[in-house]
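**Student:** Structure file start_38.pdb (PDB, C-alpha atoms) is given on the next line.
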ATOM      1  CA  MET M1215       0.000   0.000   0.000  1.00  0.00           C
ATOM      2  CA  THR M1216       1.308   3.442  -0.927  1.00  0.00           C
ATOM      3  CA  ASN M1217       1.511   6.167   1.668  1.00  0.00           C
ATOM      4  CA  TYR M1218      -0.541   9.052   0.295  1.00  0.00           C
ATOM      5  CA  LEU M1219       1.584  11.799   1.873  1.00  0.00           C
ATOM      6  CA  THR M1220       4.916  10.461   0.634  1.00  0.00           C
ATOM      7  CA  ASN M1221       3.747  10.703  -2.973  1.00  0.00           C
ATOM      8  CA  ARG M1222       2.439  14.268  -2.743  1.00  0.00           C
ATOM      9  CA  ASN M1223       4.220  17.541  -2.845  1.00  0.00           C
ATOM     10  CA  PHE M1224       3.749  19.415   0.438  1.00  0.00           C
ATOM     11  CA  ASN M1225       2.582  22.430  -1.580  1.00  0.00           C
ATOM     12  CA  ASP M1226      -0.512  20.376  -2.407  1.00  0.00           C
ATOM     13  CA  LEU M1227      -1.457  20.600   1.262  1.00  0.00           C
ATOM     14  CA  ASP M1228      -1.507  24.387   1.181  1.00  0.00           C
ATOM     15  CA  PRO M1229      -5.109  25.542   1.750  1.00  0.00           C
ATOM     16  CA  MET M1230      -4.648  28.260  -0.868  1.00  0.00           C
ATOM     17  CA  ASN M1231      -4.065  25.574  -3.520  1.00  0.00           C
ATOM     18  CA  PHE M1232      -7.155  23.695  -2.416  1.00  0.00           C
ATOM     19  CA  PHE M1233      -9.397  26.764  -2.441  1.00  0.00           C
ATOM     20  CA  SER M1234      -8.003  28.113  -5.721  1.00  0.00           C
ATOM     21  CA  ASP M1235      -9.913  25.320  -7.460  1.00  0.00           C
ATOM     22  CA  LEU M1236     -13.146  26.788  -6.118  1.00  0.00           C
ATOM     23  CA  GLY M1237     -12.790  29.981  -8.177  1.00  0.00           C
ATOM     24  CA  ASN M1238     -14.064  33.249  -6.723  1.00  0.00           C
ATOM     25  CA  PHE M1239     -15.271  31.587  -3.536  1.00  0.00           C
ATOM     26  CA  GLY M1240     -11.787  30.401  -2.698  1.00  0.00           C
ATOM     27  CA  GLN M1241     -10.279  33.784  -3.454  1.00  0.00           C
ATOM     28  CA  LYS M1242     -12.822  35.670  -1.336  1.00  0.00           C
ATOM     29  CA  PHE M1243     -12.628  33.153   1.511  1.00  0.00           C
ATOM     30  CA  PHE M1244      -8.881  33.580   1.977  1.00  0.00           C
ATOM     31  CA  ASN M1245      -8.401  37.084   0.566  1.00  0.00           C
ATOM     32  CA  ASN M1246      -7.593  39.363   3.518  1.00  0.00           C
ATOM     33  CA  ASP M1247      -6.855  42.439   1.447  1.00  0.00           C
ATOM     34  CA  GLU M1248     -10.403  43.300   0.417  1.00  0.00           C
ATOM     35  CA  MET M1249     -10.300  46.424   2.593  1.00  0.00           C
ATOM     36  CA  LYS M1250      -6.765  47.711   2.430  1.00  0.00           C
ATOM     37  CA  THR M1251      -6.326  50.038   5.383  1.00  0.00           C
ATOM     38  CA  ASP M1252      -3.609  52.442   6.492  1.00  0.00           C
ATOM     39  CA  ILE M1253      -3.500  53.715  10.070  1.00  0.00           C
ATOM     40  CA  LYS M1254      -1.180  56.479  11.170  1.00  0.00           C
ATOM     41  CA  GLU M1255      -0.805  57.721  14.718  1.00  0.00           C
ATOM     42  CA  ASN M1256       0.513  61.070  15.859  1.00  0.00           C
ATOM     43  CA  ASP M1257       0.434  62.860  19.226  1.00  0.00           C
ATOM     44  CA  LYS M1258      -3.093  64.213  18.715  1.00  0.00           C
ATOM     45  CA  SER M1259      -4.979  61.631  16.624  1.00  0.00           C
ATOM     46  CA  TYR M1260      -5.213  58.459  14.596  1.00  0.00           C
ATOM     47  CA  GLU M1261      -5.609  58.862  10.826  1.00  0.00           C
ATOM     48  CA  VAL M1262      -7.318  55.955   9.050  1.00  0.00           C
ATOM     49  CA  ALA M1263      -7.667  55.479   5.267  1.00  0.00           C
ATOM     50  CA  ALA M1264      -9.583  52.421   4.031  1.00  0.00           C
ATOM     51  CA  GLU M1265     -10.004  51.448   0.372  1.00  0.00           C
ATOM     52  CA  LEU M1266     -13.635  50.596  -0.432  1.00  0.00           C
ATOM     53  CA  PRO M1267     -13.969  50.907  -4.216  1.00  0.00           C
ATOM     54  CA  GLY M1268     -17.445  50.230  -5.576  1.00  0.00           C
ATOM     55  CA  PHE M1269     -19.190  50.697  -2.243  1.00  0.00           C
ATOM     56  CA  LYS M1270     -21.779  53.419  -1.749  1.00  0.00           C
ATOM     57  CA  LYS M1271     -21.630  55.808   1.175  1.00  0.00           C
ATOM     58  CA  ASP M1272     -24.948  54.570   2.587  1.00  0.00           C
ATOM     59  CA  GLY M1273     -23.596  50.987   2.635  1.00  0.00           C
ATOM     60  CA  ILE M1274     -20.713  51.887   4.959  1.00  0.00           C
ATOM     61  CA  HIS M1275     -21.215  51.718   8.729  1.00  0.00           C
ATOM     62  CA  ILE M1276     -18.638  52.879  11.255  1.00  0.00           C
ATOM     63  CA  ASP M1277     -18.699  52.639  15.026  1.00  0.00           C
ATOM     64  CA  TYR M1278     -16.266  53.065  17.877  1.00  0.00           C
ATOM     65  CA  ARG M1279     -16.866  51.117  21.067  1.00  0.00           C
ATOM     66  CA  ASP M1280     -14.640  49.628  23.762  1.00  0.00           C
ATOM     67  CA  ASN M1281     -11.539  51.257  22.240  1.00  0.00           C
ATOM     68  CA  THR M1282     -12.214  49.494  18.930  1.00  0.00           C
ATOM     69  CA  LEU M1283     -12.986  51.058  15.564  1.00  0.00           C
ATOM     70  CA  ARG M1284     -15.245  48.867  13.422  1.00  0.00           C
ATOM     71  CA  ILE M1285     -15.805  49.456   9.720  1.00  0.00           C
ATOM     72  CA  ASN M1286     -18.455  47.431   7.903  1.00  0.00           C
ATOM     73  CA  ALA M1287     -19.275  47.838   4.214  1.00  0.00           C
ATOM     74  CA  VAL M1288     -22.082  46.110   2.324  1.00  0.00           C
ATOM     75  CA  HIS M1289     -22.529  46.111  -1.454  1.00  0.00           C
ATOM     76  CA  ASN M1290     -25.407  44.436  -3.296  1.00  0.00           C
ATOM     77  CA  LEU M1291     -25.563  44.188  -7.076  1.00  0.00           C
ATOM     78  CA  ASP M1292     -28.458  42.943  -9.196  1.00  0.00           C
ATOM     79  CA  LYS M1293     -27.928  42.479 -12.927  1.00  0.00           C
ATOM     80  CA  GLU M1294     -30.515  41.465 -15.457  1.00  0.00           C
ATOM     81  CA  ASP M1295     -29.893  40.831 -19.175  1.00  0.00           C
ATOM     82  CA  LYS M1296     -32.907  40.813 -21.518  1.00  0.00           C
ATOM     83  CA  ASP M1297     -33.191  40.064 -25.200  1.00  0.00           C
ATOM     84  CA  GLU M1298     -34.870  42.393 -27.733  1.00  0.00           C
ATOM     85  CA  LYS M1299     -38.301  40.979 -26.794  1.00  0.00           C
ATOM     86  CA  GLY M1300     -37.809  41.771 -23.121  1.00  0.00           C
ATOM     87  CA  ARG M1301     -37.289  38.172 -22.063  1.00  0.00           C
ATOM     88  CA  VAL M1302     -34.840  37.629 -19.255  1.00  0.00           C
ATOM     89  CA  LEU M1303     -31.850  35.672 -20.515  1.00  0.00           C
ATOM     90  CA  ARG M1304     -29.784  35.913 -17.375  1.00  0.00           C
ATOM     91  CA  GLN M1305     -30.287  37.385 -13.931  1.00  0.00           C
ATOM     92  CA  GLU M1306     -27.434  37.548 -11.459  1.00  0.00           C
ATOM     93  CA  ARG M1307     -27.042  38.822  -7.949  1.00  0.00           C
ATOM     94  CA  SER M1308     -23.955  39.346  -5.895  1.00  0.00           C
ATOM     95  CA  SER M1309     -23.290  40.662  -2.443  1.00  0.00           C
ATOM     96  CA  SER M1310     -20.149  41.745  -0.625  1.00  0.00           C
ATOM     97  CA  ASN M1311     -19.828  42.277   3.092  1.00  0.00           C
ATOM     98  CA  ILE M1312     -16.502  43.403   4.513  1.00  0.00           C
ATOM     99  CA  THR M1313     -15.765  44.073   8.170  1.00  0.00           C
ATOM    100  CA  ARG M1314     -12.538  45.171   9.814  1.00  0.00           C
ATOM    101  CA  SER M1315     -11.841  46.051  13.445  1.00  0.00           C
ATOM    102  CA  PHE M1316      -8.902  47.991  14.869  1.00  0.00           C
ATOM    103  CA  TYR M1317      -7.903  48.564  18.484  1.00  0.00           C
ATOM    104  CA  LEU M1318      -7.334  52.316  18.856  1.00  0.00           C
ATOM    105  CA  PRO M1319      -7.404  53.305  22.536  1.00  0.00           C
ATOM    106  CA  GLY M1320      -8.217  56.698  24.008  1.00  0.00           C
ATOM    107  CA  VAL M1321     -10.291  58.245  21.207  1.00  0.00           C
ATOM    108  CA  ASP M1322     -12.408  61.352  21.786  1.00  0.00           C
ATOM    109  CA  GLU M1323     -15.536  59.719  20.337  1.00  0.00           C
ATOM    110  CA  GLU M1324     -17.514  62.963  20.079  1.00  0.00           C
ATOM    111  CA  ASN M1325     -15.052  64.550  17.643  1.00  0.00           C
ATOM    112  CA  VAL M1326     -14.405  61.748  15.145  1.00  0.00           C
ATOM    113  CA  LYS M1327     -14.609  62.929  11.517  1.00  0.00           C
ATOM    114  CA  ALA M1328     -15.222  60.741   8.454  1.00  0.00           C
ATOM    115  CA  THR M1329     -15.277  61.414   4.705  1.00  0.00           C
ATOM    116  CA  TYR M1330     -15.798  59.103   1.744  1.00  0.00           C
ATOM    117  CA  ASP M1331     -14.653  60.117  -1.709  1.00  0.00           C
ATOM    118  CA  GLY M1332     -13.415  58.175  -4.729  1.00  0.00           C
ATOM    119  CA  GLY M1333     -13.665  54.828  -2.947  1.00  0.00           C
ATOM    120  CA  ILE M1334     -11.485  55.961  -0.025  1.00  0.00           C
ATOM    121  CA  LEU M1335     -12.903  56.220   3.496  1.00  0.00           C
ATOM    122  CA  LYS M1336     -10.871  58.644   5.626  1.00  0.00           C
ATOM    123  CA  LEU M1337     -11.287  58.976   9.363  1.00  0.00           C
ATOM    124  CA  THR M1338      -9.667  61.291  11.860  1.00  0.00           C
ATOM    125  CA  LEU M1339      -9.999  60.019  15.407  1.00  0.00           C
ATOM    126  CA  PRO M1340      -8.675  62.636  17.836  1.00  0.00           C
ATOM    127  CA  LYS M1341      -7.172  61.352  21.047  1.00  0.00           C
ATOM    128  CA  MET M1342      -8.668  62.360  24.380  1.00  0.00           C
ATOM    129  CA  THR M1343      -6.890  65.096  26.222  1.00  0.00           C
ATOM    130  CA  GLU M1344      -5.678  64.483  29.760  1.00  0.00           C
ATOM    131  CA  ASP M1345      -8.724  66.226  31.273  1.00  0.00           C
ATOM    132  CA  LYS M1346     -11.142  63.953  29.340  1.00  0.00           C
ATOM    133  CA  GLN M1347      -9.606  60.616  30.324  1.00  0.00           C
ATOM    134  CA  ASP M1348     -11.926  58.103  31.984  1.00  0.00           C
ATOM    135  CA  SER M1349      -9.724  57.650  35.012  1.00  0.00           C
ATOM    136  CA  HIS M1350      -9.299  60.302  37.635  1.00  0.00           C
ATOM    137  CA  HIS M1351      -6.424  60.614  40.081  1.00  0.00           C
ATOM    138  CA  ILE M1352      -7.509  60.716  43.715  1.00  0.00           C
ATOM    139  CA  ASP M1353      -5.215  62.290  46.258  1.00  0.00           C
ATOM    140  CA  ILE M1354      -4.897  60.695  49.709  1.00  0.00           C
ATOM    141  CA  ASP M1355      -5.431  63.085  52.651  1.00  0.00           C
TER     142      ASP M1355
END
Take the structure in the file and give it back as C-alpha cells.
**Tutor:**
Amino acid sequence: MTNYLTNRNFNDLDPMNFFSDLGNFGQKFFNNDEMKTDIKENDKSYEVAAELPGFKKDGIHIDYRDNTLRINAVHNLDKEDKDEKGRVLRQERSSSNITRSFYLPGVDEENVKATYDGGILKLTLPKMTEDKQDSHHIDID
C-alpha cells in the first residue's frame, strides 16, 4: 500500500491551492486584502484610510466602542440581461460584506470625523486630552 503523503508535494497541502480550485469563492474566503487600510498615529490623533472601491456611502457603517474602531461595508448588485423581446436571458445577484476592526485606545468619540470620496474612506480620530480621560487621580489626605 502506498503512503498518500509520501507521494504528494507538500505544496498540495496548502489551503490556498485547495481553495483556488473553487474559483471566486476560494479567493474571497482567503483574501484578507479586500479592505486595504492604512493607520497612522501622531500625538493628537489616529488617521485611518480604508479602500472601499465600488461601495456606496450609505452601505458603509462605522462605530467606535470599547476602544475598537469597526468598519463594515455592504454592497449588493443585481444584474438582469434581456433580449430584444424583453425576455430575461440571465439574472445575477452578488453581495459583498466586509468588516474590519482595529484597536485604537483613548479616542475622543464625540469629535471623530469621516469622509468618503473616490472609494477611499478617511477617518480622523482625535485622542482624548488628559482632562477627558476616563480615570481620575484621587489624592490621599
**Student:** Considering all atoms listed in the file, return as a PyMOL selection string whatever protein or nucleic-acid residues lie within 12 Å of segment 1317-1330 of chain M, sequence-local ones (same chain, fewer than 3 positions apart) excluded.
**Tutor:** chain M and resi 1253-1255+1257-1285+1314+1333-1349
**Student:** Save the residues we just selected, C-alpha atoms, as a PDB file, in the coordinates of the input?
**Tutor:**
ATOM      1  CA  ILE M1253      -3.500  53.715  10.070  1.00  0.00           C
ATOM      2  CA  LYS M1254      -1.180  56.479  11.170  1.00  0.00           C
ATOM      3  CA  GLU M1255      -0.805  57.721  14.718  1.00  0.00           C
ATOM      4  CA  ASP M1257       0.434  62.860  19.226  1.00  0.00           C
ATOM      5  CA  LYS M1258      -3.093  64.213  18.715  1.00  0.00           C
ATOM      6  CA  SER M1259      -4.979  61.631  16.624  1.00  0.00           C
ATOM      7  CA  TYR M1260      -5.213  58.459  14.596  1.00  0.00           C
ATOM      8  CA  GLU M1261      -5.609  58.862  10.826  1.00  0.00           C
ATOM      9  CA  VAL M1262      -7.318  55.955   9.050  1.00  0.00           C
ATOM     10  CA  ALA M1263      -7.667  55.479   5.267  1.00  0.00           C
ATOM     11  CA  ALA M1264      -9.583  52.421   4.031  1.00  0.00           C
ATOM     12  CA  GLU M1265     -10.004  51.448   0.372  1.00  0.00           C
ATOM     13  CA  LEU M1266     -13.635  50.596  -0.432  1.00  0.00           C
ATOM     14  CA  PRO M1267     -13.969  50.907  -4.216  1.00  0.00           C
ATOM     15  CA  GLY M1268     -17.445  50.230  -5.576  1.00  0.00           C
ATOM     16  CA  PHE M1269     -19.190  50.697  -2.243  1.00  0.00           C
ATOM     17  CA  LYS M1270     -21.779  53.419  -1.749  1.00  0.00           C
ATOM     18  CA  LYS M1271     -21.630  55.808   1.175  1.00  0.00           C
ATOM     19  CA  ASP M1272     -24.948  54.570   2.587  1.00  0.00           C
ATOM     20  CA  GLY M1273     -23.596  50.987   2.635  1.00  0.00           C
ATOM     21  CA  ILE M1274     -20.713  51.887   4.959  1.00  0.00           C
ATOM     22  CA  HIS M1275     -21.215  51.718   8.729  1.00  0.00           C
ATOM     23  CA  ILE M1276     -18.638  52.879  11.255  1.00  0.00           C
ATOM     24  CA  ASP M1277     -18.699  52.639  15.026  1.00  0.00           C
ATOM     25  CA  TYR M1278     -16.266  53.065  17.877  1.00  0.00           C
ATOM     26  CA  ARG M1279     -16.866  51.117  21.067  1.00  0.00           C
ATOM     27  CA  ASP M1280     -14.640  49.628  23.762  1.00  0.00           C
ATOM     28  CA  ASN M1281     -11.539  51.257  22.240  1.00  0.00           C
ATOM     29  CA  THR M1282     -12.214  49.494  18.930  1.00  0.00           C
ATOM     30  CA  LEU M1283     -12.986  51.058  15.564  1.00  0.00           C
ATOM     31  CA  ARG M1284     -15.245  48.867  13.422  1.00  0.00           C
ATOM     32  CA  ILE M1285     -15.805  49.456   9.720  1.00  0.00           C
ATOM     33  CA  ARG M1314     -12.538  45.171   9.814  1.00  0.00           C
ATOM     34  CA  GLY M1333     -13.665  54.828  -2.947  1.00  0.00           C
ATOM     35  CA  ILE M1334     -11.485  55.961  -0.025  1.00  0.00           C
ATOM     36  CA  LEU M1335     -12.903  56.220   3.496  1.00  0.00           C
ATOM     37  CA  LYS M1336     -10.871  58.644   5.626  1.00  0.00           C
ATOM     38  CA  LEU M1337     -11.287  58.976   9.363  1.00  0.00           C
ATOM     39  CA  THR M1338      -9.667  61.291  11.860  1.00  0.00           C
ATOM     40  CA  LEU M1339      -9.999  60.019  15.407  1.00  0.00           C
ATOM     41  CA  PRO M1340      -8.675  62.636  17.836  1.00  0.00           C
ATOM     42  CA  LYS M1341      -7.172  61.352  21.047  1.00  0.00           C
ATOM     43  CA  MET M1342      -8.668  62.360  24.380  1.00  0.00           C
ATOM     44  CA  THR M1343      -6.890  65.096  26.222  1.00  0.00           C
ATOM     45  CA  GLU M1344      -5.678  64.483  29.760  1.00  0.00           C
ATOM     46  CA  ASP M1345      -8.724  66.226  31.273  1.00  0.00           C
ATOM     47  CA  LYS M1346     -11.142  63.953  29.340  1.00  0.00           C
ATOM     48  CA  GLN M1347      -9.606  60.616  30.324  1.00  0.00           C
ATOM     49  CA  ASP M1348     -11.926  58.103  31.984  1.00  0.00           C
ATOM     50  CA  SER M1349      -9.724  57.650  35.012  1.00  0.00           C
TER      51      SER M1349
END
**Student:** So, with only C-alpha atoms as the atoms that count, which of M:Asn1311, M:Arg1301, M:Asp1295, M:Glu1306 lies closest to Met1249 of chain M?
**Tutor:**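 Closest candidate: M:Asn1311.
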**Student:** Quick one, how far is atom CA of His1289 of chain M from atom CA of Asp1331 of chain M?
**Tutor:**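 That distance, rounded to one decimal, is 16.1 Å.
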**Student:** Just give me the gap between atom CA of Ser1310 of chain M and atom CA of Asn1290 of chain M in Å, one decimal is fine.
**Tutor:** 6.5 Å
